[in-house]
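All remarks here apply to the structure that follows.
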Amino acid sequence: MPSAHVRTAAAFALWLLLCAVSFGAIAQPRAWLDRDSMNAGETVTLNIETTSLSGAGPDYAPLAKDFEVSNNTSRRSFERSNGQFVTRSLYGVALRPRRDGRLTVPALSVGGERTSALTLVVAPVAARAPARAGDDVFIESEADDADPYVQQAVGWVVRLYSAVPIVAGQLDQPAPEGASFQRVGDDAQYSRELGGRRYNVVERRYLLVPERSGEVTVPGARFEGRGAPSFFEDMFGSNGDSLRTAAAAKRLQVRAMPANAPQPWLPLRDLQLRYQSAPQDLRAGSAATLTVEVSADGATAAQLPELQLPPIDGVQVFAEPLQSDENFVNGRPRVKLTRKFSLVPTRTGDARLDGLRLAWWDVGSGSARTTQLPALSWKIAAADGSTPAPLPAPAGADAKSASTASPIAAIAQDPAARWWALAALVFAALWLATLVWALQLRAHPAPARTGAAALPAATGEGAAQPIPGSGRRGSLKQVLDSGDFGEVAAALCALAQPPAADVDELIQRLDDPAQRAALQAMQRARWAGGDGPAARAQLRAAFASGPRWRAAPAQLASPLPPLYPPGR
């Protein structure tokens with residue numbers, strides 16, 4: 001019995017050890033700055049978050065080379081994740097750069113793990129100090145472009161400076177008339193030295209988009225709050241001094257859309273296009289993926305035109321749903337759009353994609369610009385992977401004699417053609433043998449078997465209906481249940497007699513409207529962002545009893561008498 005207790009204790013100790021190892025494996029710390037750029041003399045906050053169980057804080061020693069470190073803070077929280085309790089620690093520290101330029105915040109050690117290095121851009125000290133520097137509390141506001149174009153995205157920033165502690169307050173920025181106005185991101189807090197006084201700064205950013213040309217007035221931001229009481233004020237029950245300040249209103253001169261501006265009107269700071277991936281070759285009947293990425297500085301995803309490829313001769317293009325990634329840098333929107341296109345060649349030969357072009361207006365230089373992707377070209381191979389080539393002309397023959405040469409001579413010159421001719425002869429021989437066999441059966445019909453049930457012309461069990469050439473794929477029901485839409489399309493095309501070339505031909509040959517509608521829903525889900533689960537359910541219901549084909553047109557009776565009249 002004691003040995004059983006020992007084994008239980010050992011197993012429990014091993015379980016605790018495995019838990020500790022698993023927690024350590026997910027304790028990768030994360031580090032980020034509240035701003036990626038700043039002015040010299042200001043501070044920036046470095047945040048570090050970890051789930052390490054060691055409880056050891058970050059080692060800030062590597063920061064001393066380029067930064068002054070102050071205001072260390074930490075906070076710990078407990079949360080339940082995937083059925084386990086996780087301890088999450090957040091550390092914060094204020095950094096004051098010792099110099100300007102492009103600085104690197106080095107990787108720091110936290111609980112045996114290391115954070116990623118970060119980049120910080122530090123601008124030189126501004127020559128002009130705010131007009132109200134020296135006051136206990138004041139507000140500064142500005143736009144990143146004082147004379148923008150209509151519908152141009154403008155970053156608007158409001159900074160609240162306080163040289164005295166604030167215990168409560170409200171910062172408001174009224175919206176201007178004639179422009180859309182919305183707050184973006186979280187407030188940034190840092191300190192800055194002005195006129196020999198140290199100020200705590202709260203920075204808030206907005207996105208302003210002028211809706212008309214002319215003068216647009218942005219009302220001044222307002223702050224009302226209460227400062228921390230002094231020792232004597234606290235003794236006599238005072239709540240502290242009342243603090244109140246407001247910024248002056250500012251006017252923006254909004255420029256109208258230029259007469260030579262490209263349409264649609266797209267005012268931007270920058271626009272980049274690139275291929276994320278592109279196929280090296282194409283094959284007839286097989287899909288290849290082309291991915292295009294657009295990066296725009298100064299626009300949201302809704303402002304950019306639809307991302308579509310130019311038409312490609314001999315290639316069908318199917319666009320997948322658009323993927324977008326939006327963020328704000330200094331209050332101005334930046335967006336990255338990514339879209340995948342499936343290229344399905346319908347023939348062999350040469351194909352060319354002209355580069356995608358996007359016209360836009362450069363607000364920095366005040367000129368029209370066009371960004372274009374390079375053109376792509378392919379030689380489409382046949383379905384078996386070979387590249388078709390014309391038959392070579394006989395040696396020494398001119399163009400005219402080559403065009404009038406005998407087909408038999410051309411076959412003799414080309415080894416590949418000889419193989420095709422041999423295959424044609426074998427096929428013809430098999431066809432003649434089949435014809436003779438059929439005529440013999442007609443002349444001597446086999447006696448009917450008694451007691452045997454007649455087989456139906458078409459099977460009614462879609463669940464057990466075999467797919468020609470499917471091999472291990474199994475029945476149509478299995479493909480409808482677990483195969484992707486490409487396999488479903490191939491399976492149904494193979495069931496047609498003769499096999500259908502594509503889904504469009506398959507739809508034309510089906511007699512059931514519900515089955516045709518199910519295939520159309522599958523195509524929408526496959527290529528146009530339709531509802532995939534709903535389309536699969538519709539396919540299962542429509543093809544539960546197998547495909548129902550249109551009746552073949554009745555053949556006219558032959559005017560010739562039969563070769564072997566019945567009864568002989």
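By convention here, the chains of the structure tokens are called A, B, ... in the order presented, each chain's residues are numbered starting at 1, and ligands are numbered starting at 1 in the order presented.
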
Cut-off 7 Å: closest stretch 108-220 of chain A/stretch 59-74 of chain A atom pairs per residue, using only C-alpha atoms, as JSON lines:
```
{"residue": "A:Leu108", "atom": "CA", "partner": "A:Asp59", "partner_atom": "CA", "distance": 6.1}
{"residue": "A:Ser109", "atom": "CA", "partner": "A:Asp59", "partner_atom": "CA", "distance": 5.7}
{"residue": "A:Val110", "atom": "CA", "partner": "A:Asp59", "partner_atom": "CA", "distance": 6.7}
```

Could you dump the residues just selected with N, CA, C and O atoms as a short mmCIF file (atom, residue, chain, number, x, y, z; two decimals), in the first residue's frame?
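selection_4.cif written:
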```cif
data_model
loop_
_atom_site.label_atom_id
_atom_site.label_comp_id
_atom_site.auth_asym_id
_atom_site.auth_seq_id
_atom_site.Cartn_x
_atom_site.Cartn_y
_atom_site.Cartn_z
N LEU A 108 15.12 42.67 -24.25
CA LEU A 108 15.30 42.60 -22.80
C LEU A 108 14.96 41.20 -22.31
O LEU A 108 14.09 40.52 -22.86
N SER A 109 15.62 40.80 -21.22
CA SER A 109 15.39 39.49 -20.62
C SER A 109 14.29 39.61 -19.57
O SER A 109 14.34 40.48 -18.69
N VAL A 110 13.29 38.71 -19.67
CA VAL A 110 12.18 38.67 -18.72
C VAL A 110 11.90 37.20 -18.38
O VAL A 110 11.44 36.44 -19.23
#
```

Which neighbours of A:Gly366 fall inside 10 Å, counting only C-alpha atoms, when residues of the same chain fewer than 2 positions from it are skipped, and could you give them as a CSV table (one decimal) with all heavy atoms, in the first residue's frame?
```
chain,number,residue,atom,x,y,z
A,149,TYR,N,-6.5,68.7,-49.7
A,149,TYR,CA,-7.5,68.6,-50.8
A,149,TYR,C,-8.8,68.1,-50.2
A,149,TYR,O,-8.9,67.5,-49.1
A,149,TYR,CB,-7.0,67.7,-51.9
A,149,TYR,CG,-5.9,68.2,-52.7
A,149,TYR,CD1,-4.6,68.0,-52.4
A,149,TYR,CD2,-6.1,69.0,-53.8
A,149,TYR,CE1,-3.5,68.5,-53.1
A,149,TYR,CE2,-5.1,69.5,-54.6
A,149,TYR,CZ,-3.8,69.3,-54.2
A,149,TYR,OH,-2.8,69.8,-55.0
A,258,PRO,N,-8.4,69.0,-58.5
A,258,PRO,CA,-7.8,69.6,-59.7
A,258,PRO,C,-8.5,69.2,-61.0
A,258,PRO,O,-9.1,68.1,-61.0
A,258,PRO,CB,-6.4,69.2,-59.7
A,258,PRO,CG,-6.1,68.8,-58.3
A,258,PRO,CD,-7.4,68.3,-57.7
A,261,ALA,N,-7.2,65.9,-62.5
A,261,ALA,CA,-7.0,64.8,-61.5
A,261,ALA,C,-7.6,63.5,-62.1
A,261,ALA,O,-8.6,63.5,-62.8
A,261,ALA,CB,-7.8,65.1,-60.2
A,267,PRO,N,-6.9,61.1,-53.4
A,267,PRO,CA,-5.8,61.8,-52.8
A,267,PRO,C,-5.0,61.0,-51.8
A,267,PRO,O,-5.6,60.6,-50.8
A,267,PRO,CB,-6.4,63.0,-52.2
A,267,PRO,CG,-7.8,62.6,-51.9
A,267,PRO,CD,-8.2,61.5,-52.8
A,361,TRP,N,-3.7,60.8,-56.9
A,361,TRP,CA,-3.2,62.1,-56.8
A,361,TRP,C,-2.3,62.2,-55.6
A,361,TRP,O,-2.6,61.9,-54.5
A,361,TRP,CB,-4.4,63.1,-56.6
A,361,TRP,CG,-3.9,64.5,-56.7
A,361,TRP,CD1,-3.6,65.3,-55.6
A,361,TRP,CD2,-3.7,65.3,-57.8
A,361,TRP,NE1,-3.2,66.6,-56.0
A,361,TRP,CE2,-3.3,66.6,-57.4
A,361,TRP,CE3,-3.8,65.1,-59.2
A,361,TRP,CZ2,-3.0,67.6,-58.3
A,361,TRP,CZ3,-3.5,66.1,-60.1
A,361,TRP,CH2,-3.1,67.3,-59.6
A,362,ASP,N,-1.0,62.6,-55.9
A,362,ASP,CA,0.0,62.8,-54.9
A,362,ASP,C,-0.2,64.1,-54.2
A,362,ASP,O,0.1,65.2,-54.8
A,362,ASP,CB,1.4,62.7,-55.5
A,362,ASP,CG,2.5,62.6,-54.5
A,362,ASP,OD1,2.3,63.0,-53.3
A,362,ASP,OD2,3.6,62.2,-54.9
A,363,VAL,N,-0.7,64.1,-53.0
A,363,VAL,CA,-1.0,65.4,-52.3
A,363,VAL,C,0.3,66.1,-51.9
A,363,VAL,O,0.3,67.3,-51.6
A,363,VAL,CB,-1.9,65.1,-51.0
A,363,VAL,CG1,-3.2,64.5,-51.5
A,363,VAL,CG2,-1.2,64.2,-50.0
A,364,GLY,N,1.4,65.4,-51.8
A,364,GLY,CA,2.7,66.0,-51.4
A,364,GLY,C,3.2,66.8,-52.5
A,364,GLY,O,3.7,68.0,-52.3
A,368,ALA,N,-0.6,64.3,-60.6
A,368,ALA,CA,-1.3,63.0,-60.9
A,368,ALA,C,-0.2,62.0,-61.1
A,368,ALA,O,0.9,62.2,-61.7
A,368,ALA,CB,-2.1,63.1,-62.1
A,369,ARG,N,-0.4,60.8,-60.5
A,369,ARG,CA,0.5,59.7,-60.6
A,369,ARG,C,-0.2,58.4,-60.9
A,369,ARG,O,-1.4,58.3,-60.6
A,369,ARG,CB,1.4,59.6,-59.3
A,369,ARG,CG,2.3,60.8,-59.0
A,369,ARG,CD,3.1,60.5,-57.8
A,369,ARG,NE,4.0,59.4,-58.0
A,369,ARG,CZ,4.8,58.9,-57.0
A,369,ARG,NH1,4.8,59.4,-55.8
A,369,ARG,NH2,5.6,57.8,-57.3
```

* Asked: Using only C-alpha atoms, which of the listed residues (A:Gly57, A:Pro310, A:Gly101, A:Pro130) sits closest to A:Ala247?
  ->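 Under the stated criterion, the closest residue is A:Pro130.
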
* Distance query A:Gln280 at most 10 Å, only C-alpha atoms, self and fewer than 6 positions along chain excluded, as a VMD selection string -> chain A and resid 288 376 to 379

Store the residues of this selection in a file with all heavy atoms, as a PDB file, in the first residue's frame.
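Printed below is out13.pdb as written:
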```pdb
ATOM      1  N   ALA A 288      -4.421  28.083 -61.053  1.00  0.00           N
ATOM      2  CA  ALA A 288      -3.206  28.617 -60.432  1.00  0.00           C
ATOM      3  C   ALA A 288      -3.579  29.895 -59.688  1.00  0.00           C
ATOM      4  O   ALA A 288      -4.535  30.588 -60.058  1.00  0.00           O
ATOM      5  CB  ALA A 288      -2.126  28.891 -61.477  1.00  0.00           C
ATOM      6  N   LEU A 376       2.835  40.139 -66.879  1.00  0.00           N
ATOM      7  CA  LEU A 376       3.236  38.746 -66.732  1.00  0.00           C
ATOM      8  C   LEU A 376       2.825  37.985 -67.992  1.00  0.00           C
ATOM      9  O   LEU A 376       1.780  38.276 -68.590  1.00  0.00           O
ATOM     10  CB  LEU A 376       2.574  38.099 -65.515  1.00  0.00           C
ATOM     11  CG  LEU A 376       2.900  38.702 -64.140  1.00  0.00           C
ATOM     12  CD1 LEU A 376       2.087  37.993 -63.065  1.00  0.00           C
ATOM     13  CD2 LEU A 376       4.375  38.624 -63.840  1.00  0.00           C
ATOM     14  N   SER A 377       3.634  37.036 -68.400  1.00  0.00           N
ATOM     15  CA  SER A 377       3.314  36.223 -69.575  1.00  0.00           C
ATOM     16  C   SER A 377       3.624  34.772 -69.271  1.00  0.00           C
ATOM     17  O   SER A 377       4.551  34.457 -68.504  1.00  0.00           O
ATOM     18  CB  SER A 377       4.107  36.695 -70.799  1.00  0.00           C
ATOM     19  OG  SER A 377       5.501  36.622 -70.557  1.00  0.00           O
ATOM     20  N   TRP A 378       2.844  33.891 -69.861  1.00  0.00           N
ATOM     21  CA  TRP A 378       3.006  32.453 -69.662  1.00  0.00           C
ATOM     22  C   TRP A 378       2.813  31.737 -70.991  1.00  0.00           C
ATOM     23  O   TRP A 378       2.174  32.255 -71.917  1.00  0.00           O
ATOM     24  CB  TRP A 378       1.981  31.898 -68.677  1.00  0.00           C
ATOM     25  CG  TRP A 378       1.951  32.541 -67.335  1.00  0.00           C
ATOM     26  CD1 TRP A 378       2.753  32.267 -66.272  1.00  0.00           C
ATOM     27  CD2 TRP A 378       1.059  33.575 -66.894  1.00  0.00           C
ATOM     28  NE1 TRP A 378       2.438  33.045 -65.201  1.00  0.00           N
ATOM     29  CE2 TRP A 378       1.389  33.867 -65.554  1.00  0.00           C
ATOM     30  CE3 TRP A 378       0.026  34.287 -67.491  1.00  0.00           C
ATOM     31  CZ2 TRP A 378       0.728  34.822 -64.814  1.00  0.00           C
ATOM     32  CZ3 TRP A 378      -0.631  35.247 -66.754  1.00  0.00           C
ATOM     33  CH2 TRP A 378      -0.294  35.508 -65.436  1.00  0.00           C
ATOM     34  N   LYS A 379       3.353  30.524 -71.093  1.00  0.00           N
ATOM     35  CA  LYS A 379       3.049  29.594 -72.179  1.00  0.00           C
ATOM     36  C   LYS A 379       2.240  28.472 -71.563  1.00  0.00           C
ATOM     37  O   LYS A 379       2.760  27.668 -70.775  1.00  0.00           O
ATOM     38  CB  LYS A 379       4.328  29.074 -72.842  1.00  0.00           C
ATOM     39  CG  LYS A 379       4.053  28.190 -74.065  1.00  0.00           C
ATOM     40  CD  LYS A 379       5.332  27.839 -74.773  1.00  0.00           C
ATOM     41  CE  LYS A 379       5.891  29.056 -75.506  1.00  0.00           C
ATOM     42  NZ  LYS A 379       5.005  29.487 -76.623  1.00  0.00           N
TER      43      LYS A 379
END
```

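Among the candidate residues A:Ser242, A:Thr300, A:Asn327, A:Ser180, the one lying nearest to A:Val209 is A:Ser180, with distances computed using only C-alpha atoms.
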
* Which residue gives the smallest distance to A:Phe181 among A:Arg198, A:Arg75, A:Arg132, A:Arg332, with only C-alpha atoms counted? ->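 Of A:Arg198, A:Arg75, A:Arg132, A:Arg332, the one nearest A:Phe181 is A:Arg332, counting only C-alpha atoms.
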
* Of the candidates A:Ala544, A:Leu194, A:Val105, A:Val503, which shows the shortest atom-to-atom distance to A:Leu476, using only C-alpha atoms? -> A:Ala544

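You can rank A:Asp511, A:Asp135, A:Glu487, A:Asp531 by their closest distance to A:Gly546 using only C-alpha atoms, and at the top of that list sits A:Asp511.
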
* Asked: Contacts of A:Pro97 at 9 Å or less, counting only C-alpha atoms, minus same-chain residues fewer than 5 places along, as a PyMOL selection string?
  -> chain A and resi 40-44+66-68+103+122
